[in-house]
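Engineer: Sharing coords09.json below, JSON, C-alpha atoms:
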```
[["chain", "number", "residue", "atom", "x", "y", "z"],
["A", 923, "MET", "CA", 37.24, -13.10, 58.37],
["A", 924, "ASN", "CA", 40.84, -14.31, 58.57],
["A", 925, "THR", "CA", 43.11, -13.30, 55.75],
["A", 926, "PRO", "CA", 44.15, -16.51, 53.98],
["A", 927, "LYS", "CA", 47.86, -17.21, 53.75],
["A", 928, "LEU", "CA", 49.24, -16.28, 50.34],
["A", 929, "LYS", "CA", 50.81, -19.13, 48.44],
["A", 930, "LEU", "CA", 50.80, -20.22, 44.81],
["A", 931, "ARG", "CA", 49.14, -23.63, 44.84],
["A", 932, "LYS", "CA", 47.01, -26.00, 42.82],
["A", 933, "ILE", "CA", 43.58, -24.58, 42.04],
["A", 934, "ASN", "CA", 41.01, -25.63, 44.66],
["A", 935, "HIS", "CA", 37.78, -26.79, 43.01],
["A", 936, "GLY", "CA", 36.34, -28.13, 46.27],
["A", 937, "LYS", "CA", 35.05, -31.57, 47.05],
["A", 938, "SER", "CA", 31.68, -31.32, 45.30],
["A", 939, "GLY", "CA", 30.73, -30.40, 41.76],
["A", 940, "GLY", "CA", 28.55, -27.61, 43.14],
["A", 941, "ASP", "CA", 31.63, -25.83, 44.44],
["A", 942, "LYS", "CA", 33.53, -25.79, 41.14],
["A", 943, "ASN", "CA", 33.89, -22.87, 38.79],
["A", 944, "ALA", "CA", 36.22, -23.65, 35.89],
["A", 945, "PHE", "CA", 36.79, -20.09, 34.68],
["A", 946, "CYS", "CA", 40.07, -18.18, 34.88],
["A", 947, "GLY", "CA", 39.24, -15.31, 37.29],
["A", 948, "PRO", "CA", 38.07, -17.51, 40.17],
["A", 949, "SER", "CA", 40.85, -20.02, 39.35],
["A", 950, "ALA", "CA", 43.60, -17.38, 39.61],
["A", 951, "LEU", "CA", 42.34, -16.16, 42.99],
["A", 952, "SER", "CA", 41.80, -19.73, 44.21],
["A", 953, "SER", "CA", 45.40, -20.63, 43.47],
["A", 954, "LEU", "CA", 46.64, -17.69, 45.57],
["A", 955, "THR", "CA", 44.20, -17.82, 48.50],
["A", 956, "GLY", "CA", 43.35, -21.52, 48.77],
["A", 957, "HIS", "CA", 39.62, -20.76, 48.71],
["A", 958, "THR", "CA", 37.53, -22.87, 46.36],
["A", 959, "THR", "CA", 36.75, -21.52, 42.90],
["A", 960, "GLY", "CA", 33.08, -21.81, 43.83],
["A", 961, "ARG", "CA", 33.45, -19.62, 46.91],
["A", 962, "ILE", "CA", 35.23, -16.94, 44.91],
["A", 963, "ALA", "CA", 32.63, -17.15, 42.12],
["A", 964, "ARG", "CA", 29.84, -16.78, 44.70],
["A", 965, "LYS", "CA", 31.55, -13.67, 46.12],
["A", 966, "ILE", "CA", 31.80, -12.20, 42.62],
["A", 967, "ALA", "CA", 28.13, -13.04, 41.93],
["A", 968, "SER", "CA", 27.09, -11.59, 45.31],
["A", 969, "ASN", "CA", 28.89, -8.35, 44.52],
["A", 970, "ARG", "CA", 27.15, -8.20, 41.14],
["A", 971, "LYS", "CA", 23.82, -8.91, 42.81],
["A", 972, "ARG", "CA", 24.44, -6.17, 45.38],
["A", 973, "ILE", "CA", 25.58, -3.62, 42.78],
["A", 974, "ASN", "CA", 23.04, -4.09, 39.99],
["A", 975, "GLY", "CA", 20.40, -6.52, 41.25],
["A", 976, "ASN", "CA", 21.39, -9.46, 39.02],
["A", 977, "TYR", "CA", 20.82, -13.08, 40.04],
["A", 978, "LYS", "CA", 17.78, -12.61, 42.29],
["A", 979, "GLY", "CA", 16.45, -15.87, 43.69],
["A", 980, "LEU", "CA", 19.44, -18.02, 42.72],
["A", 981, "THR", "CA", 20.75, -20.63, 45.14],
["A", 982, "SER", "CA", 24.37, -20.74, 46.30],
["A", 983, "SER", "CA", 25.15, -23.54, 43.84],
["A", 984, "GLN", "CA", 23.54, -21.59, 40.99],
["A", 985, "LEU", "CA", 25.58, -18.48, 41.89],
["A", 986, "THR", "CA", 28.74, -20.58, 41.50],
["A", 987, "LYS", "CA", 27.80, -21.43, 37.91],
["A", 988, "VAL", "CA", 26.76, -17.97, 36.67],
["A", 989, "VAL", "CA", 30.23, -16.43, 36.82],
["A", 990, "LYS", "CA", 31.63, -17.20, 33.39],
["A", 991, "GLY", "CA", 33.63, -14.06, 32.82],
["A", 992, "VAL", "CA", 35.22, -11.57, 35.18],
["A", 993, "GLN", "CA", 36.33, -7.98, 34.73],
["A", 994, "VAL", "CA", 39.52, -6.83, 36.45],
["A", 995, "PHE", "CA", 37.61, -4.39, 38.67],
["A", 996, "GLU", "CA", 35.53, -7.31, 40.02],
["A", 997, "LEU", "CA", 38.63, -8.90, 41.55],
["A", 998, "HIS", "CA", 39.40, -5.85, 43.70],
["A", 999, "PRO", "CA", 36.53, -6.26, 46.20],
["A", 1000, "ILE", "CA", 37.30, -9.97, 46.53],
["A", 1001, "LEU", "CA", 40.94, -9.30, 47.42],
["A", 1002, "ASP", "CA", 39.83, -6.48, 49.70],
["A", 1003, "SER", "CA", 37.28, -8.70, 51.48],
["A", 1004, "PHE", "CA", 40.05, -11.21, 52.23],
["A", 1005, "GLY", "CA", 42.19, -8.44, 53.72],
["A", 1006, "TYR", "CA", 44.96, -8.26, 51.11],
["A", 1007, "SER", "CA", 46.92, -5.10, 50.34],
["A", 1008, "PHE", "CA", 47.33, -4.66, 46.60],
["A", 1009, "THR", "CA", 48.17, -2.21, 43.85],
["A", 1010, "CYS", "CA", 46.93, -2.19, 40.27],
["A", 1011, "GLU", "CA", 48.60, -1.15, 37.05],
["A", 1012, "TRP", "CA", 47.45, -0.89, 33.45],
["A", 1013, "LEU", "CA", 50.34, -1.61, 31.11],
["A", 1014, "ASN", "CA", 51.09, 0.30, 27.94],
["A", 1015, "ARG", "CA", 49.59, -1.63, 25.03],
["A", 1016, "HIS", "CA", 52.89, -1.24, 23.19],
["A", 1017, "THR", "CA", 54.85, -3.15, 25.80],
["A", 1018, "LYS", "CA", 57.10, -5.86, 24.42],
["A", 1019, "LEU", "CA", 56.73, -8.01, 27.53],
["A", 1020, "THR", "CA", 54.89, -11.35, 27.12],
["A", 1021, "ILE", "CA", 53.25, -13.41, 29.89],
["A", 1022, "ARG", "CA", 56.20, -15.81, 29.83],
["A", 1023, "GLU", "CA", 58.72, -12.94, 30.13],
["A", 1024, "PHE", "CA", 56.73, -11.26, 32.91],
["A", 1025, "THR", "CA", 56.61, -14.53, 34.85],
["A", 1026, "ARG", "CA", 60.35, -15.04, 34.38],
["A", 1027, "LYS", "CA", 61.03, -11.55, 35.79],
["A", 1028, "THR", "CA", 59.19, -12.43, 39.03],
["A", 1029, "VAL", "CA", 61.64, -15.19, 40.04],
["A", 1030, "SER", "CA", 63.32, -13.04, 42.70],
["A", 1031, "SER", "CA", 60.21, -11.09, 43.78],
["A", 1032, "ASN", "CA", 58.26, -11.86, 46.95],
["A", 1033, "ASN", "CA", 55.11, -10.29, 45.52],
["A", 1034, "PHE", "CA", 52.14, -12.23, 44.20],
["A", 1035, "TYR", "CA", 50.47, -11.20, 40.94],
["A", 1036, "VAL", "CA", 47.15, -11.59, 39.18],
["A", 1037, "VAL", "CA", 47.79, -10.84, 35.53],
["A", 1038, "ALA", "CA", 45.10, -10.15, 32.94],
["A", 1039, "SER", "CA", 45.91, -10.68, 29.29],
["A", 1040, "THR", "CA", 43.69, -11.15, 26.25],
["A", 1041, "ASP", "CA", 40.59, -11.89, 28.34],
["A", 1042, "HIS", "CA", 42.44, -14.40, 30.51],
["A", 1043, "PHE", "CA", 43.72, -14.34, 34.11],
["A", 1044, "TYR", "CA", 46.87, -15.89, 35.56],
["A", 1045, "ALA", "CA", 48.28, -16.14, 39.07],
["A", 1046, "VAL", "CA", 52.06, -15.61, 39.22],
["A", 1047, "HIS", "CA", 54.67, -15.90, 41.98],
["A", 1048, "LYS", "CA", 58.45, -16.43, 41.94],
["A", 1049, "GLY", "CA", 58.65, -17.47, 38.30],
["A", 1050, "ARG", "CA", 55.71, -19.90, 38.48],
["A", 1051, "ILE", "CA", 52.31, -19.50, 36.86],
["A", 1052, "VAL", "CA", 48.82, -21.02, 37.25],
["A", 1053, "CYS", "CA", 45.61, -20.60, 35.28],
["A", 1054, "ASN", "CA", 42.51, -22.70, 34.67],
["A", 1055, "HIS", "CA", 44.27, -24.40, 31.74],
["A", 1056, "ILE", "CA", 47.26, -25.41, 33.86],
["A", 1057, "ASN", "CA", 45.78, -26.43, 37.20],
["A", 1058, "THR", "CA", 49.09, -26.79, 39.07],
["A", 1059, "PRO", "CA", 51.87, -24.17, 39.30],
["A", 1060, "VAL", "CA", 54.51, -24.58, 36.57],
["A", 1061, "SER", "CA", 57.77, -22.81, 35.82],
["A", 1062, "TRP", "CA", 57.83, -19.90, 33.40],
["A", 1063, "ALA", "CA", 60.00, -22.09, 31.14],
["A", 1064, "SER", "CA", 57.38, -24.86, 30.89],
["A", 1065, "ASP", "CA", 55.78, -25.64, 27.55],
["A", 1066, "LYS", "CA", 52.44, -25.69, 29.39],
["A", 1067, "VAL", "CA", 52.30, -21.91, 29.78],
["A", 1068, "PHE", "CA", 49.08, -20.93, 28.03],
["A", 1069, "MET", "CA", 49.30, -18.23, 25.32],
["A", 1070, "PRO", "CA", 53.02, -17.53, 25.88],
["A", 1071, "ARG", "CA", 53.10, -14.80, 23.22],
["A", 1072, "SER", "CA", 50.22, -12.79, 24.68],
["A", 1073, "LYS", "CA", 51.01, -9.55, 26.47],
["A", 1074, "PRO", "CA", 49.92, -8.63, 29.99],
["A", 1075, "VAL", "CA", 47.57, -5.67, 30.01],
["A", 1076, "TYR", "CA", 46.66, -5.37, 33.70],
["A", 1077, "ILE", "CA", 48.59, -6.43, 36.76],
["A", 1078, "ILE", "CA", 47.33, -6.65, 40.33],
["A", 1079, "THR", "CA", 50.32, -6.84, 42.68],
["A", 1080, "ILE", "CA", 49.55, -8.32, 46.09],
["A", 1081, "VAL", "CA", 52.22, -7.26, 48.52],
["A", 1082, "PRO", "CA", 52.72, -9.92, 51.17],
["A", 1083, "THR", "CA", 52.60, -8.89, 54.83],
["A", 1084, "LEU", "CA", 53.40, -10.94, 57.91],
["A", 1085, "LYS", "CA", 49.66, -11.55, 58.23],
["A", 1086, "THR", "CA", 49.23, -12.89, 54.66],
["A", 1087, "LEU", "CA", 52.40, -14.98, 54.82],
["A", 1088, "GLY", "CA", 51.03, -16.72, 57.91],
["A", 1089, "LYS", "CA", 53.86, -15.63, 60.21]]
```
How does this structure look as structure tokens?
Structural biologist:
Amino acid sequence: MNTPKLKLRKINHGKSGGDKNAFCGPSALSSLTGHTTGRIARKIASNRKRINGNYKGLTSSQLTKVVKGVQVFELHPILDSFGYSFTCEWLNRHTKLTIREFTRKTVSSNNFYVVASTDHFYAVHKGRIVCNHINTPVSWASDKVFMPRSKPVYIITIVPTLKTLGK
């Protein structure tokens, strides 16, 4: 499979209702990879099915709908299957950094981030942020940034390569 070009973009919910998953984990990865939220949800569900036998007999469309919550460790195999290089970091729970401040600090960074905070996922790149509540990338200074006072607890850093930048 080709590694999709990394870019922070509007969340891709696909052209049909059967390919839409409105939850934050698939939305964060969709905004970085360009894959539909449904495709990412199906990959998550397939991994769950493979690991613990859940979801036997469900159709592809049904698999899209069953992913309602995602754990951080479930995002790793998805990123890996797309060929991305990434690192992961748990943050100290006493950190003073908020989501808004973290996003602001990424303005000059070329890295892409998936940030988990208070049971919610965000995609972040160059001072812009996307989640399922804000469908299109917005600046860290925007009033639309969801839960601006929450603190990041887990950060997946995707380091761009020539392959993932499409060069």
Engineer: For a test of reading the model, state the distance in Å between CA of Ile962 (chain A) and CA of Phe1043 (chain A), rounded to one decimal.
Structural biologist: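 Value for the CA of Ile962 (chain A)-CA of Phe1043 (chain A) distance: 14.0 Å.
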Engineer: Neighbouring residues of Gly956 (chain A) were defined as those with any atom within 9 Å, considering all atoms listed in the file; residues of the same chain fewer than 2 positions away were excluded. Please report them as a list in words.
Structural biologist: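 Once the nearby chain positions are removed, what remains is Pro926, Lys927, Leu928, Lys929, Leu930, Arg931, Lys932, Ile933, Asn934, Leu951, Ser952, Ser953, Leu954, Thr958 and Thr959 of chain A.
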Engineer: Just the number, please: distance in Å from CA of Val1075 (chain A) to CA of Ala944 (chain A), one decimal.
Structural biologist: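 One can read the CA of Val1075 (chain A) to CA of Ala944 (chain A) distance as 22.1 Å.
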Engineer: Go through A:Val1037, A:Ala963, A:Leu1001, A:Ala950 one by one, measure the shortest atom-to-atom distance of each to Pro1059 (chain A) using all atoms listed in the file, and give the residue with the smallest value.
Structural biologist: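 Closest candidate: A:Ala950.
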Engineer: If we count all atoms listed in the file and set the cut-off at 10 Å, which residues sit around Arg1026 (chain A), ignoring sequence neighbours fewer than 2 positions away in its own chain? Please answer as a list in words.
Structural biologist: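 Here the answer would be Thr1020, Ile1021, Arg1022, Glu1023, Phe1024, Thr1028, Val1029, Ser1030, Val1046, His1047, Lys1048, Gly1049, Arg1050, Ile1051, Ser1061, Trp1062 and Ala1063 of chain A.
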Engineer: Can you pull out the residues contacting Ile1077 (chain A)? Cut-off 12 Å, using all atoms listed in the file, and skip same-chain residues under 5 positions away; I want them as a list in words.
Structural biologist: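 That gives Val994, Phe995, Leu997, His998, Phe1008, Thr1009, Cys1010, Glu1011, Trp1012, Leu1013, Asn1014, Ile1021, Phe1024, Thr1025, Asn1033, Phe1034, Tyr1035, Val1036, Val1037, Ala1038, Ser1039, His1042, Phe1043, Tyr1044, Ala1045 and Val1046 of chain A.
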Engineer: Could you tell me how far CA of His957 (chain A) lies from CA of Lys1073 (chain A), in Å and to one decimal?
Structural biologist: 27.4 Å
Engineer: Using all atoms of region 965-969 of chain A listed in the file and a margin of 4 Å per side, can you give the axis-aligned box centre and edge lengths in Å to one decimal, as lines of an AutoDock Vina configuration file?
Structural biologist:
```
center_x = 29.4
center_y = -11.0
center_z = 44.0
size_x = 12.7
size_y = 13.3
size_z = 12.2
```
